[in-house]
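These notes are about the structure you will find just below.
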Amino acid sequence: MNVNLAKLSGGTTVIPGEMLDGLKSRIRGTILTERDDGYTAARSVWNAMIDRRPAIIVRCAGAADVKEAVRFARDTGGVLSVRGGGHNIAGSAVCDSGVLIDLSLMKSVHIDPFARTARVEPGVTLGEFDREAQSFGLVTPTGINSTTGIAGLTLGGGFGWISRKFGLTADNLLGADIVTADGQLVRASDVENPDLFWAIRGGGGNFGVVTSFEFRLHPLGPEVMSGLIVYPLRQAIEMLKRYREIVAAAPDELTCWSVMRTAPPLPFLPAEAHGTGIIVFAACYAGATNAAETAMKPLREMGRPIADVIGPHSFAGWQSALDPLLTPGARNYWKSHSFTTLSDGAIATLVDYAAKVPSPECELVCAQLGGAINRVPAAATAYPHRDIGFVLNIHTRWREPSDDGACIAWARSAFTACKPFATGGVYVNFMPEEEKDRVASAYLGNAERLAAIKAKYDPCNLFRMNQNIRPTP
Ligand SMILES: Cc1cc2nc3c(=O)[nH]c(=O)nc-3n(C[C@H](O)[C@H](O)[C@H](O)COP(=O)(O)OP(=O)(O)OC[C@H]3O[C@@H](n4cnc5c(N)ncnc54)[C@H](O)[C@@H]3O)c2cc1C
């Protein structure tokens with residue numbers, strides 16, 4: 001059966017059935033077109049706002065399949081997208097009418113407990129990785145939702161509960177195997193293709209398809225002191241000001257994010273709080289429990305909370321504790337800023353917008369960064385935001401398409417109102433699809449070097465379904 005394939009140069013080309021059969025015969029994985037079972041699931045991603053229909057989905061079983069798929073896309077001139085865990089808010093994993101390289105079947109995690117390293121394939125989720133690493137009492141810092149893909153997260157930077165102690169996920173990358181635009185597999189590390197290694201630590205999927213990541217691991221767990229402290233939203237200004245002082249003096253081991261939202265009907269919240277505005281401080285201590293108690297004391301004594309469920313939790317459990325609020329299938333739209341500090345103006349603005357959320361699932365999240373992340377020079381890896389204290393995610397989430405307008409308008413308005421207090425930079429992994437004019441703000445002072453490396457490894461910009469770096473002409 002022939003397939004119409006969208007071309008990078010515009011228009012479409014017809015791929016004869018025999019050509020597709022040829023590709024099928026050369027790969028170990030499977031190929032799906034819209035007539036095949038599994039096509040709909042394979043094109044669905046976390047954000048239900050994304051509804052794209054690739055012409056060909058290549059479900060790769062290994063690096064050899066990835067090489068074939070990249071060569072196929074390059075030789076046909078087809079539009080190409082690459083899927084790891086499918087979590088990117090912009091939906092860049094899925095293209096319309098092009099070739100989707102689906103890595104989600106590539107799930108191997110190999111832990112070397114003696115060398116404290118991990119070899120991880122690109123279809124692995126954070127939860128799958130944690131399960132393997134924790135079985136040896138080891139971790140590498142990742143993100144706060146266990147169903148996120150390790151691939152896209154790492155390539156954009158990656159931060160979560162223990163990054164202030166151990167750095168970004170990308171800072172813990174020791175090397176990677178990458179299929180570049182010429183269809184060859186190369187190694188990127190400090191000693192092999194160091195320019196490429198520099199670029200993939202923050203430059204996203206611009207440089208090729210990573211078929212294997214190698215991470216450094218650290219001992220932590222099985223339990224970490226972690227949990228939530230919840231106050232009514234009416235106390236948010238006062239609490240955020242105290243929080244700002246406490247986290248400014250916090251050791252690297254302690255990370256605390258603030259979240260303003262509507263209280264979900266969770267069992268540890270009193271029934272009368274359900275559906276009301278709350279501010280949540282979500283904290284984790286990457287170290288010994290007794291030291292955690294001392295470090296967390298000021299946070300736990302800020303006032304009289306509605307709930308305080310800080311305690312020893314399994315690390316892997318805490319890493320997935322927020323999953324029920326972040327399930328796939330909802331409509332989502334994000335806007336993000338970086339803050340050096342939480343100024344009085346930023347606090348007042350955020351609390352104002354928190355009081356008028358357009359849906360009960362919307363959140364204003366301030367992720368606390370700093371610590372080890374900021375001790376890496378801004379030019380040492382492609383991720384440039386080494387001087388910020390917080391990343392704001394205006395996480396807008398709702399169910400009905402009829403609410404799209406009101407929800408997106410709220411997010412954009414909150415974003416504009418917070419702009420005077422922000423650095424101007426943006427975390428590449430939190431950018432929605434329409435922010436093409438903001439791409440330079442993601443790469444900042446590293447943009448020029450990234451464009452030169454792009455020209456070397458992907459001169460025709462085959463990998464462009466991302467926050468795209470144009471190759472230097
Ligand atoms: C609920 C939720 C929570 C999140 N929490 C955090 C967090 O705590 N910390 C944080 O840092 N980020 C967080 N993120 C953002 C996350 O880092 C990005 O969404 C990231 O892109 C997800 O990676 P993925 O593999 O799942 O995405 P995908 O959508 O599969 O891929 C995103 C892009 O990455 C590139 N890519 C993916 N795999 C490869 C590969 N193997 N080789 C080359 N390029 C590839 C492609 O360009 C692709 O378009 C969160 C996202 C969600 C939805």
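In the structure tokens, chains take the letters A, B, ... in the order shown, each chain's residues start at 1, and ligands count up from 1 in the order shown.
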Can you write out as JSON lines which residues of chain A fall within 7 Å of ligand 1, alongside each residue's closest atom pair and its distance in Å to one decimal, counting only C-alpha atoms and all ligand atoms and ordering rows by chain and ascending residue number?
```
{"residue": "A:Trp46", "atom": "CA", "partner": "ligand 1", "partner_atom_place_in_ligand_line": "53 (C)", "distance": 6.3}
{"residue": "A:Ser81", "atom": "CA", "partner": "ligand 1", "partner_atom_place_in_ligand_line": "49 (O)", "distance": 6.2}
{"residue": "A:Val82", "atom": "CA", "partner": "ligand 1", "partner_atom_place_in_ligand_line": "46 (C)", "distance": 4.9}
{"residue": "A:Arg83", "atom": "CA", "partner": "ligand 1", "partner_atom_place_in_ligand_line": "30 (O)", "distance": 3.7}
{"residue": "A:Gly84", "atom": "CA", "partner": "ligand 1", "partner_atom_place_in_ligand_line": "30 (O)", "distance": 3.4}
{"residue": "A:Gly85", "atom": "CA", "partner": "ligand 1", "partner_atom_place_in_ligand_line": "26 (O)", "distance": 3.2}
{"residue": "A:Gly86", "atom": "CA", "partner": "ligand 1", "partner_atom_place_in_ligand_line": "30 (O)", "distance": 3.3}
{"residue": "A:His87", "atom": "CA", "partner": "ligand 1", "partner_atom_place_in_ligand_line": "26 (O)", "distance": 3.8}
{"residue": "A:Asn88", "atom": "CA", "partner": "ligand 1", "partner_atom_place_in_ligand_line": "19 (O)", "distance": 3.3}
{"residue": "A:Ile89", "atom": "CA", "partner": "ligand 1", "partner_atom_place_in_ligand_line": "19 (O)", "distance": 5.6}
{"residue": "A:Gly91", "atom": "CA", "partner": "ligand 1", "partner_atom_place_in_ligand_line": "29 (O)", "distance": 5.7}
{"residue": "A:Ser92", "atom": "CA", "partner": "ligand 1", "partner_atom_place_in_ligand_line": "49 (O)", "distance": 3.9}
{"residue": "A:Ala93", "atom": "CA", "partner": "ligand 1", "partner_atom_place_in_ligand_line": "49 (O)", "distance": 3.8}
{"residue": "A:Leu103", "atom": "CA", "partner": "ligand 1", "partner_atom_place_in_ligand_line": "41 (N)", "distance": 6.7}
{"residue": "A:Pro122", "atom": "CA", "partner": "ligand 1", "partner_atom_place_in_ligand_line": "41 (N)", "distance": 4.7}
{"residue": "A:Thr142", "atom": "CA", "partner": "ligand 1", "partner_atom_place_in_ligand_line": "9 (N)", "distance": 6.5}
{"residue": "A:Gly143", "atom": "CA", "partner": "ligand 1", "partner_atom_place_in_ligand_line": "8 (O)", "distance": 3.3}
{"residue": "A:Ile144", "atom": "CA", "partner": "ligand 1", "partner_atom_place_in_ligand_line": "8 (O)", "distance": 3.9}
{"residue": "A:Asn145", "atom": "CA", "partner": "ligand 1", "partner_atom_place_in_ligand_line": "3 (C)", "distance": 4.9}
{"residue": "A:Thr148", "atom": "CA", "partner": "ligand 1", "partner_atom_place_in_ligand_line": "26 (O)", "distance": 4.4}
{"residue": "A:Gly149", "atom": "CA", "partner": "ligand 1", "partner_atom_place_in_ligand_line": "26 (O)", "distance": 3.3}
{"residue": "A:Ile150", "atom": "CA", "partner": "ligand 1", "partner_atom_place_in_ligand_line": "25 (O)", "distance": 5.6}
{"residue": "A:Ala151", "atom": "CA", "partner": "ligand 1", "partner_atom_place_in_ligand_line": "25 (O)", "distance": 4.4}
{"residue": "A:Gly152", "atom": "CA", "partner": "ligand 1", "partner_atom_place_in_ligand_line": "23 (O)", "distance": 3.2}
{"residue": "A:Leu153", "atom": "CA", "partner": "ligand 1", "partner_atom_place_in_ligand_line": "17 (O)", "distance": 3.4}
{"residue": "A:Leu155", "atom": "CA", "partner": "ligand 1", "partner_atom_place_in_ligand_line": "34 (O)", "distance": 6.8}
{"residue": "A:Gly156", "atom": "CA", "partner": "ligand 1", "partner_atom_place_in_ligand_line": "17 (O)", "distance": 6.6}
{"residue": "A:Gly157", "atom": "CA", "partner": "ligand 1", "partner_atom_place_in_ligand_line": "11 (O)", "distance": 6.1}
{"residue": "A:Gly158", "atom": "CA", "partner": "ligand 1", "partner_atom_place_in_ligand_line": "11 (O)", "distance": 3.3}
{"residue": "A:Phe159", "atom": "CA", "partner": "ligand 1", "partner_atom_place_in_ligand_line": "11 (O)", "distance": 4.2}
{"residue": "A:Gly160", "atom": "CA", "partner": "ligand 1", "partner_atom_place_in_ligand_line": "8 (O)", "distance": 4.8}
{"residue": "A:Gly204", "atom": "CA", "partner": "ligand 1", "partner_atom_place_in_ligand_line": "35 (C)", "distance": 5.8}
{"residue": "A:Gly205", "atom": "CA", "partner": "ligand 1", "partner_atom_place_in_ligand_line": "44 (N)", "distance": 3.4}
{"residue": "A:Asn206", "atom": "CA", "partner": "ligand 1", "partner_atom_place_in_ligand_line": "47 (O)", "distance": 6.5}
{"residue": "A:Gly208", "atom": "CA", "partner": "ligand 1", "partner_atom_place_in_ligand_line": "43 (C)", "distance": 5.5}
{"residue": "A:Val209", "atom": "CA", "partner": "ligand 1", "partner_atom_place_in_ligand_line": "42 (N)", "distance": 3.5}
{"residue": "A:Val210", "atom": "CA", "partner": "ligand 1", "partner_atom_place_in_ligand_line": "42 (N)", "distance": 3.8}
{"residue": "A:Thr211", "atom": "CA", "partner": "ligand 1", "partner_atom_place_in_ligand_line": "41 (N)", "distance": 5.7}
{"residue": "A:Leu326", "atom": "CA", "partner": "ligand 1", "partner_atom_place_in_ligand_line": "1 (C)", "distance": 5.0}
{"residue": "A:Asn429", "atom": "CA", "partner": "ligand 1", "partner_atom_place_in_ligand_line": "18 (C)", "distance": 4.6}
{"residue": "A:Phe430", "atom": "CA", "partner": "ligand 1", "partner_atom_place_in_ligand_line": "15 (C)", "distance": 5.8}
{"residue": "A:Met465", "atom": "CA", "partner": "ligand 1", "partner_atom_place_in_ligand_line": "49 (O)", "distance": 5.8}
{"residue": "A:Asn466", "atom": "CA", "partner": "ligand 1", "partner_atom_place_in_ligand_line": "47 (O)", "distance": 4.5}
```
Q: Find the spatial neighbours of Arg216 of chain A, counting only C-alpha atoms, within a cut-off of 12 Å - ignore same-chain residues fewer than 4 positions away - and output them as a list in words.
A: Ile111, Asp112, Pro113, Phe114, Ala115, Arg116, Thr117, Ala118, Arg119, Val120, Ala133, Leu138, Val139, Thr140, Pro141, Phe166, Gly167, Leu168, Thr169, Ala170, Asp171, Asn172, Leu173, Leu174 and Gly175 of chain A
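Compared by their closest atoms to Asn290 of chain A, and using only C-alpha atoms, the residues A:Pro54, A:Pro265, A:Gly311, A:Pro232 rank with A:Gly311 nearest.
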(Q) When you look at Lys297 of chain A with a cut-off of 12 Å (counting only C-alpha atoms), what residues show up, excluding the ones that are within fewer than 5 positions of it in the same chain? I need them as a ChimeraX atom specification. (A) /A:225,229,243,246-247,250,254,283,285,290-292,302-303,308,310-311
Output C-alpha atoms for every residue in the selection just made, as a PDB file, in the first residue's frame.
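Written out: result-v1.pdb:
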```
ATOM      1  CA  MET A 225      12.596  12.453  54.089  1.00  0.00           C
ATOM      2  CA  ILE A 229       3.086  20.887  53.776  1.00  0.00           C
ATOM      3  CA  TYR A 243       9.728  30.180  52.227  1.00  0.00           C
ATOM      4  CA  ILE A 246      14.263  29.520  54.342  1.00  0.00           C
ATOM      5  CA  VAL A 247      15.279  28.160  50.960  1.00  0.00           C
ATOM      6  CA  ALA A 250      18.966  25.768  52.711  1.00  0.00           C
ATOM      7  CA  LEU A 254      17.089  20.263  50.686  1.00  0.00           C
ATOM      8  CA  ALA A 283      10.051  19.019  49.901  1.00  0.00           C
ATOM      9  CA  TYR A 285      16.018  15.952  51.519  1.00  0.00           C
ATOM     10  CA  ASN A 290      18.364  12.935  61.088  1.00  0.00           C
ATOM     11  CA  ALA A 291      20.018  15.745  59.122  1.00  0.00           C
ATOM     12  CA  ALA A 292      16.786  16.075  57.138  1.00  0.00           C
ATOM     13  CA  MET A 302       6.275  28.404  59.153  1.00  0.00           C
ATOM     14  CA  GLY A 303       2.766  28.365  60.581  1.00  0.00           C
ATOM     15  CA  ASP A 308       1.958  18.184  57.027  1.00  0.00           C
ATOM     16  CA  ILE A 310       6.562  15.085  55.662  1.00  0.00           C
ATOM     17  CA  GLY A 311       8.142  11.803  56.670  1.00  0.00           C
TER      18      GLY A 311
END
```
Q) Mind pulling up the distance from atom CA of Leu322 of chain A to atom CA of Val94 of chain A? A)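 Distance between the two atoms: 25.5 Å.
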Q.
When you look at segment 72-78 of chain A with a cut-off of 8 Å (counting only C-alpha atoms), what residues show up, excluding the ones that are within fewer than 3 positions of it in the same chain? I need them as number ranges by chain.
A. A: 5-9, 13, 23, 68-69, 98-99, 181-182, 462
So that I have them on file, write out the residues from the current selection with N, CA, C and O atoms, as a compact mmCIF listing (two decimals), in the first residue's frame.
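Contents of the output file part-v1.txt:
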```
# COMPACT_ATOMS: atom_id res chain seq x y z
N LEU A 5 3.82 10.91 2.05
CA LEU A 5 4.74 11.38 3.10
C LEU A 5 4.99 12.88 2.92
O LEU A 5 5.33 13.33 1.81
N ALA A 6 4.81 13.63 4.02
CA ALA A 6 5.12 15.07 3.96
C ALA A 6 6.63 15.26 3.86
O ALA A 6 7.39 14.57 4.53
N LYS A 7 7.03 16.21 2.99
CA LYS A 7 8.47 16.43 2.79
C LYS A 7 8.94 17.64 3.59
O LYS A 7 8.19 18.61 3.76
N LEU A 8 10.18 17.59 4.02
CA LEU A 8 10.76 18.72 4.75
C LEU A 8 10.76 19.98 3.90
O LEU A 8 10.62 21.09 4.39
N SER A 9 10.91 19.78 2.59
CA SER A 9 10.98 20.93 1.68
C SER A 9 9.59 21.45 1.32
O SER A 9 9.46 22.38 0.54
N THR A 13 5.39 13.39 -0.95
CA THR A 13 5.92 12.44 -1.92
C THR A 13 5.22 11.10 -1.67
O THR A 13 4.82 10.82 -0.54
N LEU A 23 11.76 -1.41 4.00
CA LEU A 23 12.14 -0.91 5.33
C LEU A 23 11.74 -1.92 6.40
O LEU A 23 12.52 -2.24 7.30
N GLU A 68 18.33 2.67 10.38
CA GLU A 68 17.52 2.45 9.18
C GLU A 68 16.45 3.54 9.05
O GLU A 68 16.19 4.06 7.96
N ALA A 69 15.82 3.86 10.16
CA ALA A 69 14.72 4.83 10.12
C ALA A 69 15.24 6.23 9.77
O ALA A 69 14.61 6.96 8.99
N GLY A 98 4.49 12.67 8.53
CA GLY A 98 5.90 12.34 8.34
C GLY A 98 6.26 11.00 8.94
O GLY A 98 5.40 10.13 9.12
N VAL A 99 7.56 10.83 9.24
CA VAL A 99 8.06 9.60 9.85
C VAL A 99 8.25 9.85 11.34
O VAL A 99 8.90 10.82 11.73
N ALA A 181 22.46 12.57 11.54
CA ALA A 181 21.64 12.73 10.33
C ALA A 181 22.16 11.92 9.15
O ALA A 181 21.39 11.62 8.22
N ASP A 182 23.43 11.53 9.18
CA ASP A 182 23.96 10.70 8.08
C ASP A 182 23.67 9.22 8.29
O ASP A 182 24.11 8.37 7.53
N LEU A 462 17.59 17.99 9.51
CA LEU A 462 16.66 16.86 9.49
C LEU A 462 15.90 16.79 10.81
O LEU A 462 14.69 16.54 10.84
```
Q.
I need the alpha helix (DSSP H) residues of segment 93-252 of chain A per DSSP on the backbone, written as a PyMOL selection string.
A. chain A and resi 126-134+150-156+163-166+194-200+236-248
Q | Distance in Å - atom CA of Arg412 of chain A versus atom CA of Arg438 of chain A | A |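 Between atom CA of Arg412 of chain A and atom CA of Arg438 of chain A the gap works out to 14.0 Å.
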Q: Mind giving me the straight-line distance from atom CA of Glu223 of chain A to atom CA of Pro312 of chain A in Å, one decimal?
A: 5.8 Å
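For segment 23-160 of chain A, backbone-based DSSP assignment of strand (DSSP E) covers Thr30, Ile31, Leu32, Ile56, Ile57, Val58, Arg59, Leu80, Ser81, Val82, Arg83, Val99, Leu100, Ile101, Asp102, Val109, His110, Ile111, Asp112, Thr117, Ala118, Arg119, Val120, Leu138 and Val139 of chain A.
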Q: Counting only C-alpha atoms, figure out which residue out of A:Glu301, A:Asp65, A:Asp404, A:Asp252 gets nearest to Gly287 of chain A.
A: A:Asp252
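Nearest to Gly370 of chain A of all the residues A:Cys256, A:Leu80, A:Ala188, A:Val439 is A:Cys256, based on only C-alpha atoms.
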